[in-house]
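Peer 1: Below: one structure in structure tokens.
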Amino acid sequence: MQVIHSVILQHLLAGLALCHPAASSNYLDWKTFNAVGANLGGWLAQESTIDTDWWARYSGGAEDEWGLCAHQGTKCGPILERRYATWITTTDIDILGAAGVNVLRIPTTYAAWVEVPGSQFYHGNQQSFLSSISSYATNKYGMHIIIDIHSLPGGVNGFPFGEAEGHYGWFNNQTALKYSLDAVDEAISFIQNSNSPQSYTLAPMNEPVDVEDLSVFGTPYSLTDDGA
Ligand SMILES: *[C@@H]1O[C@H](CO)[C@@H](O)[C@H](O)[C@H]1NC(C)=O
């Protein structure tokens, strides 16, 4: 299944299909919940390594979505709207549901939530696509949705997915913080306005790193006290 970029969380009780007739009416207790998760990468946030044919076709050699959009100019919007409409569909959710998946983590760029002046990221109909797929997954399979704000304005880790390669500008940046908080508010309002707020979790930030030394990546040394 090409759609499953990576399987997150643990696989428990392989083969057990958890059957929920409708969205759960309760909030999750993460201490007891048995999560079988899939990550929907390359849908609302693009990365060069996920669908390499698509990337080769549109990136113009860029290493990140920022560069892809800079390369495409006004065509970036239509290209990404088509991506949103086709890379993940309800058929994929049916395949995952049948395999017993009960959690979807959905990476988004901050531009799904806010329009930031000077950003190359495209702010379009991401929320509408996220809403259709999430409602389908929660209503039909009782899935839980983790909305991941995978990048933040200015760049949160210098990696292509943190905004753009080499961008560390989020740290100690009041403008970036203001837009980040706006993005979080918008995501919370999306969740509250859904027909099933209890089916969502928000991950407001991904992998903050302000030490430009890959050998410490994934350890506490990748973030300075100043950055934290
Ligand atoms: C602060 O963040 C804004 C918004 O993303 C960005 O345009 C600007 O370049 C950042 N400032 C620095 C010094 O990186």
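Chain lettering (A, B, ...) mirrors the order of the structure tokens, residue numbering begins at 1 for each chain separately, and ligand numbering begins at 1 in order of display.
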Neighbouring residues of Gly154 in chain A were defined as those with any atom within 8 Å, considering only C-alpha atoms; residues of the same chain fewer than 5 positions away were excluded. Please report them as JSON, numbers by chain.
Peer 2: {"A": [163, 167, 168, 169, 170, 171, 176]}
Peer 1: Please return, as a count of residues only, all residues of range 94-153 of chain A that DSSP assigns to alpha helix (DSSP H) on the basis of the backbone.
Peer 2: 21
Peer 1: Taking into account only C-alpha atoms, which residue in the set A:Ser189, A:Asn125, A:Gln174, A:Asn34 is nearest to Tyr84 in chain A?
Peer 2: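 For Tyr84 in chain A, the nearest of the candidates is A:Asn125.
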Peer 1: List every residue of range 122-162 of chain A that DSSP, applied to the backbone, labels as strand (DSSP E), and write the result as a list in words.
Peer 2: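 Checking each residue of range 122-162 of chain A, the strand (DSSP E) ones are His144, Ile145, Ile146, Ile147, Asp148 and Ile149 of chain A.
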Peer 1: Can you write just those residues out, N, CA, C and O atoms, as a tab-separated table (two decimals), in the first residue's frame?
Peer 2:
chain	number	residue	atom	x	y	z
A	144	HIS	N	-9.44	7.69	14.85
A	144	HIS	CA	-9.01	8.91	15.54
A	144	HIS	C	-8.00	9.63	14.65
A	144	HIS	O	-7.15	8.98	14.05
A	145	ILE	N	-8.12	10.95	14.56
A	145	ILE	CA	-7.29	11.73	13.63
A	145	ILE	C	-6.31	12.60	14.41
A	145	ILE	O	-6.74	13.41	15.25
A	146	ILE	N	-5.03	12.43	14.13
A	146	ILE	CA	-4.02	13.33	14.70
A	146	ILE	C	-3.63	14.34	13.62
A	146	ILE	O	-3.02	13.98	12.62
A	147	ILE	N	-4.05	15.59	13.83
A	147	ILE	CA	-3.67	16.64	12.89
A	147	ILE	C	-2.29	17.14	13.30
A	147	ILE	O	-2.08	17.59	14.42
A	148	ASP	N	-1.36	17.03	12.37
A	148	ASP	CA	0.04	17.40	12.63
A	148	ASP	C	0.36	18.69	11.87
A	148	ASP	O	0.27	18.71	10.65
A	149	ILE	N	0.72	19.75	12.60
A	149	ILE	CA	1.23	20.96	11.92
A	149	ILE	C	2.73	20.73	11.77
A	149	ILE	O	3.50	20.91	12.71
Peer 1: Quick one: of A:Ile95, A:Leu152, A:Val211, A:Val101, who's nearest to Gly37 in chain A, counting only C-alpha atoms?
Peer 2: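 For Gly37 in chain A, the nearest of the given residues is A:Val101.
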Peer 1: Which polymer residues have any atom within 9 Å of an atom of Thr138 in chain A, counting only C-alpha atoms, with same-chain residues fewer than 4 positions away left out, as a ChimeraX atom specification?
Peer 2: /A:22-24,133-134,142-145,196,199
Peer 1: Near Gly73 in chain A, counting only C-alpha atoms, which residues have an atom at most 12 Å away, once you skip same-chain residues fewer than 6 positions from it, shown as a list in words?
Peer 2: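 Final neighbour list, sorted by chain and number: Tyr58, Ser59, Gly60, Glu65, Trp66, Gly67, Ile79, Leu80, Gln120, Phe121 and Tyr122 of chain A.
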